[in-house]
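Q: query.cif is reproduced below (mmCIF, C-alpha atoms).
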data_coords
#
loop_
_atom_site.label_atom_id
_atom_site.label_comp_id
_atom_site.auth_asym_id
_atom_site.auth_seq_id
_atom_site.Cartn_x
_atom_site.Cartn_y
_atom_site.Cartn_z
CA MET R 1 0.00 0.00 0.00
CA GLU R 2 1.33 3.42 -0.94
CA LEU R 3 0.90 6.84 0.61
CA VAL R 4 2.51 9.60 -1.46
CA CYS R 5 2.77 13.23 -0.35
CA TYR R 6 3.33 15.70 -3.17
CA VAL R 7 4.93 18.91 -1.92
CA ARG R 8 4.58 22.13 -3.88
CA ASP R 9 8.01 23.36 -4.95
CA GLY R 10 9.61 25.66 -2.41
CA ASN R 11 7.28 24.56 0.40
CA SER R 12 9.17 21.91 2.38
CA ASP R 13 8.62 23.31 5.88
CA PHE R 14 6.09 20.67 6.95
CA GLU R 15 7.62 17.58 8.53
CA ILE R 16 5.64 14.31 8.63
CA VAL R 17 6.74 11.55 11.02
CA PRO R 18 5.38 8.24 12.32
CA ALA R 19 3.36 9.05 15.42
CA PRO R 20 5.33 8.29 18.62
CA SER R 21 4.16 5.95 21.35
CA ARG R 22 4.95 8.41 24.15
CA ARG R 23 2.67 11.17 25.46
CA ASP R 24 3.63 13.85 27.99
CA TRP R 25 0.49 13.34 30.06
CA MET R 26 1.10 9.59 30.17
CA ASP R 27 4.71 10.15 31.26
CA ALA R 28 3.49 12.47 34.03
CA ALA R 29 0.86 10.05 35.36
CA HIS R 30 1.45 8.14 38.60
CA GLU R 31 3.81 5.25 37.85
CA ARG R 32 3.19 6.03 34.16
CA SER R 33 0.18 3.77 34.54
CA PRO R 34 -1.57 4.75 31.26
CA TYR R 35 1.12 2.80 29.40
CA ARG R 36 -0.33 -0.37 30.92
CA CYS R 37 -3.26 0.04 28.53
CA LEU R 38 -2.07 -1.64 25.34
CA PRO R 39 -4.99 -0.41 23.19
CA LEU R 40 -4.11 3.16 24.21
CA VAL R 41 -0.43 2.71 23.37
CA MET R 42 -1.21 1.04 20.04
CA ALA R 43 -3.52 3.91 19.10
CA ASN R 44 -0.77 6.42 19.93
CA ARG R 45 1.30 5.13 16.99
CA HIS R 46 -1.59 4.45 14.62
CA GLY R 47 -0.65 6.88 11.85
CA TRP R 48 1.65 9.71 10.80
CA ASP R 49 1.81 13.14 12.44
CA ILE R 50 2.23 16.43 10.61
CA LEU R 51 4.32 18.82 12.71
CA CYS R 52 3.73 22.53 13.09
CA PRO R 53 6.56 24.38 11.25
CA VAL R 54 6.48 27.44 13.53
CA GLY R 55 4.99 28.39 16.87
CA PHE R 56 1.99 30.69 17.21
CA THR R 57 -0.93 31.61 19.47
CA ALA R 58 -4.63 31.89 18.58
CA ILE R 59 -7.57 33.39 20.49
CA TRP R 60 -11.31 33.22 19.78
CA ASN R 61 -13.68 35.96 20.96
CA GLY R 62 -16.69 33.63 21.13
CA GLY R 63 -18.48 34.97 18.05
CA PRO R 64 -19.29 33.35 14.67
CA ALA R 65 -17.54 35.89 12.43
CA ILE R 66 -14.34 35.12 10.57
CA ASP R 67 -12.52 37.89 12.43
CA GLY R 68 -13.55 36.25 15.72
CA VAL R 69 -10.33 34.22 15.67
CA VAL R 70 -7.08 36.19 15.93
CA ILE R 71 -3.71 34.62 15.08
CA LEU R 72 -0.68 35.98 16.94
CA GLU R 73 2.50 34.99 15.12
CA ASP R 74 5.88 34.55 16.72
CA ARG R 75 8.29 37.26 15.62
CA GLY R 76 9.70 36.68 12.17
CA THR R 77 7.40 33.75 11.31
CA ALA R 78 4.34 33.10 9.17
CA PRO R 79 1.88 30.75 10.92
CA PRO R 80 0.23 28.04 8.81
CA ALA R 81 -3.16 28.67 10.46
CA VAL R 82 -5.85 31.20 9.57
CA SER R 83 -9.48 31.96 10.34
CA HIS R 84 -11.29 30.89 7.18
CA PHE R 85 -14.68 29.44 8.08
CA GLY R 86 -15.72 31.49 11.10
CA GLU R 87 -17.67 29.75 13.88
CA GLY R 88 -14.58 29.62 16.08
CA ILE R 89 -12.65 27.35 13.71
CA LEU R 90 -8.88 27.51 13.33
CA THR R 91 -7.75 26.29 9.90
CA PHE R 92 -4.31 24.94 9.02
CA ARG R 93 -3.35 25.26 5.36
CA MET R 94 -0.68 22.96 3.95
CA PRO R 95 1.05 22.94 0.54
CA LEU R 96 0.66 19.16 0.44
CA LEU R 97 -1.36 16.84 -1.77
CA PHE R 98 -1.69 13.17 -0.83
CA ARG R 99 -2.23 10.18 -3.09
CA THR R 100 -3.36 6.75 -1.92
CA ASP R 101 -4.00 3.47 -3.71
CA PRO R 102 -7.28 3.18 -5.65
CA GLY R 103 -10.17 2.70 -3.24
CA THR R 104 -8.21 3.88 -0.20
CA ASP R 105 -9.30 6.96 1.78
CA LEU R 106 -7.15 9.25 3.88
CA ILE R 107 -8.42 9.84 7.43
CA VAL R 108 -7.36 13.29 8.63
CA GLN R 109 -7.75 13.90 12.35
CA GLY R 110 -6.15 15.44 15.40
CA PRO R 111 -3.10 13.83 17.00
CA VAL R 112 -4.37 10.69 18.73
CA ASN R 113 -4.63 10.76 22.53
CA ARG R 114 -3.25 14.32 22.74
CA PRO R 115 -6.02 16.36 24.42
CA LYS R 116 -5.64 20.10 24.10
CA ASP R 117 -7.41 22.51 26.42
CA ALA R 118 -10.14 24.78 25.02
CA ILE R 119 -9.89 23.50 21.44
CA ALA R 120 -10.80 20.23 19.72
CA ALA R 121 -9.58 18.73 16.46
CA LEU R 122 -12.09 17.99 13.70
CA THR R 123 -11.87 14.85 11.56
CA GLY R 124 -12.21 14.46 7.80
CA VAL R 125 -12.39 11.50 5.42
CA ILE R 126 -10.83 12.27 2.03
CA GLU R 127 -10.97 10.36 -1.27
CA SER R 128 -7.29 10.88 -1.86
CA ASP R 129 -6.92 8.51 -4.82
CA TRP R 130 -8.29 10.70 -7.61
CA GLY R 131 -8.64 14.49 -7.15
CA PRO R 132 -6.04 17.27 -7.51
CA PHE R 133 -7.24 18.68 -4.20
CA SER R 134 -5.30 19.49 -1.07
CA PHE R 135 -7.10 19.72 2.28
CA THR R 136 -7.10 21.78 5.45
CA MET R 137 -6.82 20.57 9.04
CA ASN R 138 -9.38 22.25 11.28
CA TRP R 139 -9.71 22.75 15.02
CA LYS R 140 -12.78 24.16 16.75
CA PHE R 141 -12.44 26.32 19.84
CA THR R 142 -14.48 25.05 22.78
CA ARG R 143 -13.84 28.04 25.04
CA ALA R 144 -13.67 31.72 24.21
CA LYS R 145 -11.04 34.23 25.31
CA THR R 146 -8.46 31.53 25.97
CA ALA R 147 -5.04 31.73 24.37
CA ILE R 148 -4.26 28.50 22.50
CA ARG R 149 -0.61 27.77 21.81
CA PHE R 150 0.80 25.55 19.06
CA GLU R 151 4.54 25.08 19.45
CA LYS R 152 7.04 24.53 16.66
CA GLY R 153 7.36 20.77 16.13
CA GLU R 154 4.03 20.03 17.84
CA PRO R 155 1.77 17.58 15.97
CA PHE R 156 -1.40 19.28 14.76
CA CYS R 157 -2.68 16.65 12.31
CA SER R 158 -2.60 12.86 12.14
CA LEU R 159 -3.04 10.70 9.03
CA THR R 160 -4.22 7.13 8.68
CA LEU R 161 -5.84 5.07 5.93
CA ALA R 162 -9.09 3.15 5.43
CA ARG R 163 -10.49 1.09 2.58
CA ARG R 164 -13.40 3.00 1.04
CA GLY R 165 -16.78 1.43 1.66
CA ALA R 166 -15.45 -1.12 4.16
CA LEU R 167 -17.77 0.06 6.93
CA GLU R 168 -20.77 -0.30 4.63
CA GLU R 169 -19.94 -4.00 4.28
CA VAL R 170 -20.26 -4.52 8.03
CA ARG R 171 -23.53 -6.09 9.21
CA PRO R 172 -23.65 -5.26 12.93
CA LYS R 173 -26.04 -7.13 15.20
CA PHE R 174 -26.80 -7.85 18.84
CA LEU R 175 -26.75 -11.35 20.32
CA PRO R 176 -27.27 -12.61 23.88
CA MET R 177 -23.95 -13.83 25.23
CA SER R 178 -25.63 -17.08 26.24
CA ASP R 179 -25.76 -17.93 22.52
CA ASP R 180 -22.03 -18.68 22.82
CA PRO R 181 -21.70 -20.70 26.04
CA GLU R 182 -17.91 -20.94 25.78
CA LEU R 183 -17.54 -17.18 25.42
CA ASP R 184 -20.13 -16.58 28.15
CA ALA R 185 -18.21 -18.79 30.59
CA ALA R 186 -14.84 -17.28 29.70
CA HIS R 187 -16.16 -13.74 30.11
CA ALA R 188 -17.75 -14.56 33.47
CA GLU R 189 -14.45 -16.09 34.62
CA TRP R 190 -12.59 -12.96 33.52
CA LEU R 191 -15.06 -10.65 35.33
CA ALA R 192 -14.67 -12.63 38.56
CA SER R 193 -10.89 -12.59 38.17
CA ARG R 194 -10.86 -8.84 37.59
CA GLU R 195 -13.02 -8.20 40.66
CA ARG R 196 -10.72 -10.34 42.84
CA PHE R 197 -7.65 -8.61 41.43
CA ASN R 198 -9.10 -5.14 42.08
CA GLU R 199 -9.91 -6.12 45.66
CA ASP R 200 -6.41 -7.53 46.16
CA LEU R 201 -4.94 -4.23 44.94
CA LYS R 202 -6.22 -2.71 48.18
CA VAL R 203 -4.19 -5.17 50.26
CA LYS R 204 -0.65 -4.10 51.12
CA GLY R 205 1.94 -6.66 50.03
CA SER R 206 -0.52 -8.66 47.91
CA ALA R 207 0.44 -10.39 44.68
CA ALA R 208 -1.87 -8.01 42.82
CA ARG R 209 0.02 -4.98 44.14
CA LYS R 210 3.31 -6.50 43.10
CA ALA R 211 1.98 -7.28 39.62
CA GLY R 212 0.43 -3.84 39.20
CA TRP R 213 -2.13 -4.93 36.64
CA GLN R 214 -3.40 -8.05 34.92
CA LYS R 215 -1.35 -8.60 31.77
CA HIS R 216 -3.37 -11.23 29.89
CA TYR R 217 -4.40 -8.92 27.06
CA GLN R 218 -0.92 -7.40 26.82
CA ARG R 219 0.58 -10.88 26.48
CA GLY R 220 -2.09 -12.09 24.07
CA VAL R 221 -3.22 -14.99 26.28
CA ASP R 222 -6.39 -16.05 28.08
CA LEU R 223 -6.67 -16.47 31.86
CA HIS R 224 -5.02 -19.88 31.60
CA GLY R 225 -2.06 -18.70 29.53
CA ASN R 226 -3.35 -20.15 26.26
CA VAL R 227 -2.24 -18.27 23.15
CA LYS R 228 -5.01 -17.66 20.64
CA PRO R 229 -4.43 -18.28 16.90
CA PHE R 230 -4.77 -14.62 15.95
CA PRO R 231 -2.05 -12.05 15.26
CA HIS R 232 -1.29 -10.08 18.41
CA LEU R 233 0.69 -6.84 18.21
CA THR R 234 2.25 -4.96 21.10
CA LYS R 235 4.00 -2.34 18.97
CA THR R 236 3.97 -0.92 15.47
CA ASN R 237 6.83 0.31 13.33
CA LEU R 238 5.50 2.60 10.62
CA HIS R 239 7.77 3.53 7.75
CA PRO R 240 8.81 7.19 7.61
CA PHE R 241 8.16 9.24 4.48
CA GLU R 242 11.05 8.92 2.05
CA PRO R 243 12.69 12.30 1.39
CA ILE R 244 12.60 14.06 -1.97
CA GLU R 245 15.74 13.16 -3.88
#
Show how you would write the structure in this file as structure tokens.
A:
Amino acid sequence: MELVCYVRDGNSDFEIVPAPSRRDWMDAAHERSPYRCLPLVMANRHGWDILCPVGFTAIWNGGPAIDGVVILEDRGTAPPAVSHFGEGILTFRMPLLFRTDPGTDLIVQGPVNRPKDAIAALTGVIESDWGPFSFTMNWKFTRAKTAIRFEKGEPFCSLTLARRGALEEVRPKFLPMSDDPELDAAHAEWLASRERFNEDLKVKGSAARKAGWQKHYQRGVDLHGNVKPFPHLTKTNLHPFEPIE
């Protein structure tokens, strides 16, 4: 599968990198406990980040007009963001055009698991296999009169891919768990195990405290240590974009 980024000549300021597994707020948490959640860590690296080429500050006055968002540039720089749509939306423009394989869409969203105070990233799904169209990355203010800072090198956009129409092929349905007795029993066993483990966490010197958390999912095994015949990933290694020669 290919992902090609065409850069307009003379506009190479935007760096795109595989998203890192680390997050500042996860590093700062007690005992760095968020890293125990494998789905969270896997999502952290699930795509490529576009980095802000310069630092700047933006403020929204709370109104719907285009001039309701003010961009304050750092001295001697030209920020990539503008107020284009109004409604408290901050718009990043990029001199980049992406091409994907036929039938593959580009998912454009905010950096995964990077909450930002007073502003939220908007998500777009782009048919990037046919048109000569670039796109914008948009953030919507959620609080007025609050200075929002984007630092140089900070991710402001994340890219991932999806096969077009795949979701429409899904036929979701509900079933009682008792329809699958084996699954029902295994889930009940897991719930009981989790409750016992959480109770043991309260006991000083217990095995649960020493373990810190149950690691069955992280190891890709059931409660009895049995490995299931499905691929199990604990890390991803995305390829970086190849530089222009």
Q: I'd like the neighbourhood of R:Pro240 as a PyMOL selection string, where a residue qualifies if any of its atoms comes within 10 Å (using only C-alpha atoms), though same-chain residues fewer than 2 positions away should be ignored.
A: chain R and resi 16-19+48+237-238+242-243
Q: Let me see the file: selected residues, C-alpha atoms, as a tab-separated table (two decimals), keeping the file's coordinate frame.
A:
chain	number	residue	atom	x	y	z
R	16	ILE	CA	5.64	14.31	8.63
R	17	VAL	CA	6.74	11.55	11.02
R	18	PRO	CA	5.38	8.24	12.32
R	19	ALA	CA	3.36	9.05	15.42
R	48	TRP	CA	1.65	9.71	10.80
R	237	ASN	CA	6.83	0.31	13.33
R	238	LEU	CA	5.50	2.60	10.62
R	242	GLU	CA	11.05	8.92	2.05
R	243	PRO	CA	12.69	12.30	1.39
Q: Could you check the closest approach to R:Leu90 for each of R:Ala121, R:Ile71, R:Trp139, R:Arg209 and tell me which residue wins, using only C-alpha atoms?
A: R:Trp139
Q: The PyMOL selection byres ((chain R and resi 81) around 12) - which residues does that actually catch in the file I just gave you? List them as a PyMOL selection string.
A: chain R and resi 52-59+69-73+77-80+82-85+89-94+136-139+149-150+156
Q: Selection in question (the file shown): the PyMOL selection byres ((chain R and resi 15) around 6). Which residues does it include, as an MDAnalysis selection string?
A: chainID R and resid 14 16 50:51
Q: R:Asp129: which residues within 9 Å, counting only C-alpha atoms, same-chain residues fewer than 6 positions away excluded, as number ranges by chain?
A: R: 98-106
Q: Do you have the atom CA of R:Arg219-atom CA of R:Asp180 distance handy?
A: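 Atom CA of R:Arg219 sits 24.2 Å away from atom CA of R:Asp180.
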Q: Per residue of stretch 76-158 of chain R within 9 Å of stretch 26-47 of chain R, what are the shortest atom pair and its distance in Å to one decimal, counting all atoms listed in the file, with rows by chain and residue number, as CSV?
A:
residue,atom,partner,partner_atom,distance
R:Pro111,CA,R:Asn44,CA,8.3
R:Val112,CA,R:Asn44,CA,5.7
R:Asn113,CA,R:Asn44,CA,6.4
R:Arg114,CA,R:Asn44,CA,8.7
R:Ser158,CA,R:Gly47,CA,6.3
Q: At what distance in Å, to one decimal, does atom CA of R:Cys157 lie from atom CA of R:Gly88?
A: 18.0 Å
Q: Measuring atom to atom with all atoms listed in the file, identify which of R:Phe230, R:Tyr6, R:Trp60, R:Phe241 is nearest to R:Thr142.
A: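 Distance minimum relative to R:Thr142 lands on R:Trp60.
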Q: Please expand the PyMOL selection byres ((chain R and resi 61) around 6) into the concrete residues it hits in this file, giving the result as a list of chain:residue names.
A: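 Selection result, ordered by chain and number: R:Trp60, R:Gly62, R:Gly63, R:Gly68, R:Ala144, R:Lys145.
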